[in-house]
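S.K.: Mind having a look at this structure? Questions to follow.
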Amino acid sequence: EQQEEDTLRELRLFLRCVTDRLILDRRFKAFSKPVDKEQVPDYLTVVRHPMDLSTVLSKIDRQKYITVREYLHDVDQIWENALEYNPEDDPYDRQIRHRACALKDTVHAIIKDELKEDFERSCEQIKETR
Ligand SMILES: COC(=O)N1C[C@@H]2C[C@@H]3O[C@]2(Cc2nccnc23)C1
């Protein structure tokens, strides 16, 4: 009913606010758009579930996330993919892994600091009834 739609609207606003801050952070530029499959032809053979911050934004607007847990599952996919595809002990891979770890720690710290527990609980409740 209307209260549920109000809750999900507030969730989308919160998730856009968090995602916009990540996209604005220069450290996370490599994560802001899909990896170019033409430029990196083996990417899809290594990374089974590509994800990036622009795709996350699109999913927010298409109302794909009903809980913060579902959002975090996609954002975690972003940095996990980067660690998987860039494992070498060379300066480029080390730098993108460092940035992937920073993305992980940043998004989890924002959620811990800014998400009220009972708000996520009411989102999970809505998810169960659907
Ligand atoms: C999240 O981003 C990544 O995991 N990567 C890995 C790819 C390999 C390397 O850097 C990436 C893009 C790229 N494009 C052209 C040539 N080489 C590259 C970004």
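Residue numbers start at 1 in each chain; chains themselves are named A, B, ... in the order of the structure tokens; ligands are numbered from 1 in the order shown.
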Do you have, as JSON lines, the list of residues of chain A lying at most 8 Å from ligand 1, each with its nearest atom pair and that distance in Å to one decimal, counting only C-alpha atoms and all ligand atoms and ordered by chain then number?

M.R.:
```
{"residue": "A:Ala30", "atom": "CA", "partner": "ligand 1", "partner_atom_place_in_ligand_line": "2 (O)", "distance": 4.9}
{"residue": "A:Phe31", "atom": "CA", "partner": "ligand 1", "partner_atom_place_in_ligand_line": "1 (C)", "distance": 4.9}
{"residue": "A:Pro34", "atom": "CA", "partner": "ligand 1", "partner_atom_place_in_ligand_line": "1 (C)", "distance": 7.6}
{"residue": "A:Val35", "atom": "CA", "partner": "ligand 1", "partner_atom_place_in_ligand_line": "12 (C)", "distance": 5.7}
{"residue": "A:Asp36", "atom": "CA", "partner": "ligand 1", "partner_atom_place_in_ligand_line": "14 (N)", "distance": 6.4}
{"residue": "A:Gln39", "atom": "CA", "partner": "ligand 1", "partner_atom_place_in_ligand_line": "15 (C)", "distance": 4.8}
{"residue": "A:Val40", "atom": "CA", "partner": "ligand 1", "partner_atom_place_in_ligand_line": "15 (C)", "distance": 5.5}
{"residue": "A:Tyr43", "atom": "CA", "partner": "ligand 1", "partner_atom_place_in_ligand_line": "7 (C)", "distance": 7.3}
{"residue": "A:Asp52", "atom": "CA", "partner": "ligand 1", "partner_atom_place_in_ligand_line": "1 (C)", "distance": 7.7}
{"residue": "A:Ile78", "atom": "CA", "partner": "ligand 1", "partner_atom_place_in_ligand_line": "1 (C)", "distance": 7.2}
{"residue": "A:Trp79", "atom": "CA", "partner": "ligand 1", "partner_atom_place_in_ligand_line": "1 (C)", "distance": 7.6}
{"residue": "A:Asn81", "atom": "CA", "partner": "ligand 1", "partner_atom_place_in_ligand_line": "4 (O)", "distance": 6.7}
{"residue": "A:Ala82", "atom": "CA", "partner": "ligand 1", "partner_atom_place_in_ligand_line": "4 (O)", "distance": 4.4}
{"residue": "A:Leu83", "atom": "CA", "partner": "ligand 1", "partner_atom_place_in_ligand_line": "4 (O)", "distance": 7.7}
{"residue": "A:Tyr85", "atom": "CA", "partner": "ligand 1", "partner_atom_place_in_ligand_line": "4 (O)", "distance": 5.7}
{"residue": "A:Asn86", "atom": "CA", "partner": "ligand 1", "partner_atom_place_in_ligand_line": "4 (O)", "distance": 6.2}
{"residue": "A:Ile96", "atom": "CA", "partner": "ligand 1", "partner_atom_place_in_ligand_line": "4 (O)", "distance": 7.2}
```

S.K.: Export all heavy atoms of the chosen residues as a short mmCIF file (atom, residue, chain, number, x, y, z; two decimals), in the first residue's frame?

M.R.:
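Here's the written file result-v3.cif:
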```cif
data_model
loop_
_atom_site.label_atom_id
_atom_site.label_comp_id
_atom_site.auth_asym_id
_atom_site.auth_seq_id
_atom_site.Cartn_x
_atom_site.Cartn_y
_atom_site.Cartn_z
N ALA A 30 37.32 3.60 -12.72
CA ALA A 30 37.33 2.33 -13.48
C ALA A 30 36.08 1.50 -13.24
O ALA A 30 35.75 0.63 -14.04
CB ALA A 30 38.56 1.52 -13.10
N PHE A 31 35.37 1.82 -12.13
CA PHE A 31 34.18 1.04 -11.77
C PHE A 31 32.89 1.72 -12.19
O PHE A 31 31.80 1.24 -11.88
CB PHE A 31 34.16 0.79 -10.25
CG PHE A 31 35.47 0.27 -9.72
CD1 PHE A 31 36.16 0.97 -8.73
CD2 PHE A 31 36.04 -0.89 -10.22
CE1 PHE A 31 37.39 0.51 -8.25
CE2 PHE A 31 37.26 -1.35 -9.75
CZ PHE A 31 37.94 -0.65 -8.76
N PRO A 34 30.65 -0.03 -17.59
CA PRO A 34 31.03 -1.44 -17.88
C PRO A 34 32.42 -1.50 -18.53
O PRO A 34 32.78 -0.61 -19.31
CB PRO A 34 29.94 -1.87 -18.86
CG PRO A 34 28.80 -0.94 -18.64
CD PRO A 34 29.41 0.36 -18.23
N VAL A 35 33.18 -2.57 -18.24
CA VAL A 35 34.45 -2.80 -18.93
C VAL A 35 34.12 -3.00 -20.41
O VAL A 35 33.19 -3.73 -20.76
CB VAL A 35 35.17 -4.02 -18.34
CG1 VAL A 35 36.36 -4.42 -19.21
CG2 VAL A 35 35.62 -3.73 -16.91
N ASP A 36 34.87 -2.33 -21.29
CA ASP A 36 34.61 -2.38 -22.73
C ASP A 36 35.00 -3.75 -23.28
O ASP A 36 36.19 -4.07 -23.37
CB ASP A 36 35.41 -1.27 -23.43
CG ASP A 36 35.07 -1.18 -24.92
OD1 ASP A 36 34.68 -2.23 -25.49
OD2 ASP A 36 35.17 -0.09 -25.48
N GLN A 39 37.53 -3.71 -26.13
CA GLN A 39 38.91 -3.42 -25.74
C GLN A 39 39.50 -4.56 -24.91
O GLN A 39 40.70 -4.79 -24.89
CB GLN A 39 38.96 -2.14 -24.90
CG GLN A 39 38.78 -0.86 -25.70
CD GLN A 39 39.08 0.35 -24.84
OE1 GLN A 39 40.03 0.34 -24.06
NE2 GLN A 39 38.26 1.37 -24.97
N VAL A 40 38.63 -5.29 -24.20
CA VAL A 40 39.12 -6.34 -23.29
C VAL A 40 38.37 -7.64 -23.63
O VAL A 40 37.44 -8.04 -22.92
CB VAL A 40 38.87 -5.95 -21.82
CG1 VAL A 40 39.62 -6.89 -20.89
CG2 VAL A 40 39.27 -4.51 -21.56
N TYR A 43 37.48 -10.42 -21.14
CA TYR A 43 36.90 -10.07 -19.84
C TYR A 43 35.77 -11.01 -19.45
O TYR A 43 35.73 -11.52 -18.33
CB TYR A 43 36.41 -8.61 -19.85
CG TYR A 43 36.03 -8.12 -18.47
CD1 TYR A 43 37.00 -7.81 -17.53
CD2 TYR A 43 34.68 -8.02 -18.08
CE1 TYR A 43 36.66 -7.39 -16.25
CE2 TYR A 43 34.34 -7.61 -16.80
CZ TYR A 43 35.32 -7.29 -15.90
OH TYR A 43 34.99 -6.90 -14.61
N ASP A 52 28.83 -2.64 -12.71
CA ASP A 52 29.48 -1.33 -12.60
C ASP A 52 28.49 -0.34 -12.01
O ASP A 52 27.28 -0.63 -11.94
CB ASP A 52 29.96 -0.87 -13.99
CG ASP A 52 28.78 -0.55 -14.87
OD1 ASP A 52 28.17 -1.49 -15.44
OD2 ASP A 52 28.40 0.65 -14.95
N ILE A 78 31.10 -5.68 -8.03
CA ILE A 78 32.01 -4.78 -8.74
C ILE A 78 33.45 -4.98 -8.26
O ILE A 78 34.36 -5.23 -9.06
CB ILE A 78 31.58 -3.31 -8.57
CG1 ILE A 78 30.20 -3.07 -9.17
CG2 ILE A 78 32.62 -2.37 -9.20
CD1 ILE A 78 29.62 -1.70 -8.88
N TRP A 79 33.67 -4.88 -6.95
CA TRP A 79 35.05 -4.95 -6.46
C TRP A 79 35.57 -6.40 -6.48
O TRP A 79 36.75 -6.65 -6.75
CB TRP A 79 35.22 -4.29 -5.09
CG TRP A 79 34.37 -4.81 -3.97
CD1 TRP A 79 33.18 -4.31 -3.49
CD2 TRP A 79 34.66 -5.96 -3.15
NE1 TRP A 79 32.71 -5.09 -2.47
CE2 TRP A 79 33.59 -6.09 -2.24
CE3 TRP A 79 35.72 -6.88 -3.11
CZ2 TRP A 79 33.54 -7.12 -1.29
CZ3 TRP A 79 35.67 -7.90 -2.18
CH2 TRP A 79 34.58 -8.02 -1.28
N ASN A 81 34.87 -8.59 -8.82
CA ASN A 81 35.28 -8.80 -10.21
C ASN A 81 36.67 -8.20 -10.45
O ASN A 81 37.52 -8.80 -11.12
CB ASN A 81 34.28 -8.17 -11.17
CG ASN A 81 32.95 -8.88 -11.20
OD1 ASN A 81 32.83 -10.03 -10.75
ND2 ASN A 81 31.93 -8.21 -11.70
N ALA A 82 36.92 -7.02 -9.89
CA ALA A 82 38.20 -6.33 -10.11
C ALA A 82 39.35 -7.13 -9.49
O ALA A 82 40.43 -7.25 -10.08
CB ALA A 82 38.15 -4.92 -9.55
N LEU A 83 39.11 -7.71 -8.29
CA LEU A 83 40.16 -8.52 -7.65
C LEU A 83 40.41 -9.79 -8.48
O LEU A 83 41.55 -10.23 -8.64
CB LEU A 83 39.75 -8.90 -6.23
CG LEU A 83 39.55 -7.76 -5.22
CD1 LEU A 83 39.26 -8.32 -3.83
CD2 LEU A 83 40.77 -6.86 -5.19
N TYR A 85 39.82 -10.24 -11.86
CA TYR A 85 40.36 -10.04 -13.20
C TYR A 85 41.77 -9.43 -13.18
O TYR A 85 42.52 -9.57 -14.15
CB TYR A 85 39.44 -9.15 -14.04
CG TYR A 85 39.91 -9.07 -15.49
CD1 TYR A 85 39.64 -10.10 -16.39
CD2 TYR A 85 40.68 -8.01 -15.92
CE1 TYR A 85 40.10 -10.05 -17.69
CE2 TYR A 85 41.16 -7.96 -17.22
CZ TYR A 85 40.88 -8.99 -18.10
OH TYR A 85 41.36 -8.95 -19.37
N ASN A 86 42.14 -8.82 -12.08
CA ASN A 86 43.41 -8.08 -12.00
C ASN A 86 44.30 -8.61 -10.86
O ASN A 86 44.62 -7.88 -9.93
CB ASN A 86 43.12 -6.59 -11.79
CG ASN A 86 42.19 -6.05 -12.85
OD1 ASN A 86 42.59 -5.79 -13.99
ND2 ASN A 86 40.91 -5.91 -12.50
N ILE A 96 44.48 -1.15 -9.18
CA ILE A 96 43.03 -1.31 -9.32
C ILE A 96 42.49 -2.19 -8.18
O ILE A 96 41.37 -1.96 -7.69
CB ILE A 96 42.64 -1.87 -10.71
CG1 ILE A 96 41.14 -1.64 -10.97
CG2 ILE A 96 42.99 -3.33 -10.90
CD1 ILE A 96 40.72 -1.76 -12.42
#
```

S.K.: For the structure I just gave you, how does DSSP split stretch 15-114 of chain A - specifically, which residues are alpha helix (DSSP H)? Reply as a PyMOL selection string.

M.R.: chain A and resi 15-24+43-46+53-61+68-85+91-114

S.K.: When you draw a straight line from atom CA of A:Leu44 to atom CA of A:Lys64, how long is it in Å?

M.R.: 23.1 Å

S.K.: Between A:Arg69, A:His98, A:Arg62, A:Arg12, single out the one closest to A:Phe28, counting only C-alpha atoms.

M.R.: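 Comparing A:Arg69, A:His98, A:Arg62, A:Arg12 against A:Phe28, the winner is A:His98.
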
S.K.: Under the rule that only C-alpha atoms are counted, which of A:Thr67, A:Thr19, A:Gln95, A:Thr45 is the nearest residue to A:Asp118?

M.R.: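 Of A:Thr67, A:Thr19, A:Gln95, A:Thr45, the one nearest A:Asp118 is A:Thr67, counting only C-alpha atoms.
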
S.K.: State, in Å with one decimal place, the distance from atom CA of A:Gln63 to atom CA of A:Lys112.

M.R.: 22.4 Å

S.K.: To one decimal in Å, tell me the separation between atom CA of A:Ser58 and atom CA of A:Val75.

M.R.: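 Atom-to-atom, atom CA of A:Ser58 and atom CA of A:Val75 are spaced 12.9 Å apart.
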
S.K.: What's the 12 Å shell around A:Glu1, counting only C-alpha atoms, without same-chain residues fewer than 5 positions away, as number ranges by chain?

M.R.: A: 6-8, 126, 129-130

S.K.: Have a look at A:Val18, A:Val47, A:Ile60, A:Leu13 and name the one nearest to A:Ala109; count only C-alpha atoms.

M.R.: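 Answer, going by the shortest atom-to-atom distance: A:Val18.
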
S.K.: Neighbours of A:Cys17 within 12 Å (only C-alpha atoms; same-chain residues fewer than 5 positions away dropped), as a list in words?

M.R.: Glu10, Leu11, Arg12, Leu22, Ile23, Leu24, Leu57, Ile60, Val107, Ile110, Ile111, Glu114 and Leu115 of chain A

S.K.: Could you save those same residues with C-alpha atoms as a PDB file, in the first residue's frame?

M.R.:
```
ATOM      1  CA  GLU A  10      13.015   6.597   0.307  1.00  0.00           C
ATOM      2  CA  LEU A  11      15.216   3.531  -0.328  1.00  0.00           C
ATOM      3  CA  ARG A  12      15.785   4.616  -3.962  1.00  0.00           C
ATOM      4  CA  LEU A  22      30.890   6.697  -5.319  1.00  0.00           C
ATOM      5  CA  ILE A  23      30.673   7.780  -8.981  1.00  0.00           C
ATOM      6  CA  LEU A  24      32.043  11.244  -8.100  1.00  0.00           C
ATOM      7  CA  LEU A  57      22.133   3.456 -10.951  1.00  0.00           C
ATOM      8  CA  ILE A  60      17.824   1.693  -8.836  1.00  0.00           C
ATOM      9  CA  VAL A 107      30.313   1.602   0.619  1.00  0.00           C
ATOM     10  CA  ILE A 110      28.548   4.625   4.440  1.00  0.00           C
ATOM     11  CA  ILE A 111      25.810   1.996   4.912  1.00  0.00           C
ATOM     12  CA  GLU A 114      23.866   6.284   7.388  1.00  0.00           C
ATOM     13  CA  LEU A 115      21.373   3.396   7.148  1.00  0.00           C
TER      14      LEU A 115
END
```

S.K.: Which one of A:Arg9, A:Lys37, A:Arg27, A:Arg121 sits closest to A:Ala100 if you count only C-alpha atoms?

M.R.: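 Nearest to A:Ala100: A:Arg27.
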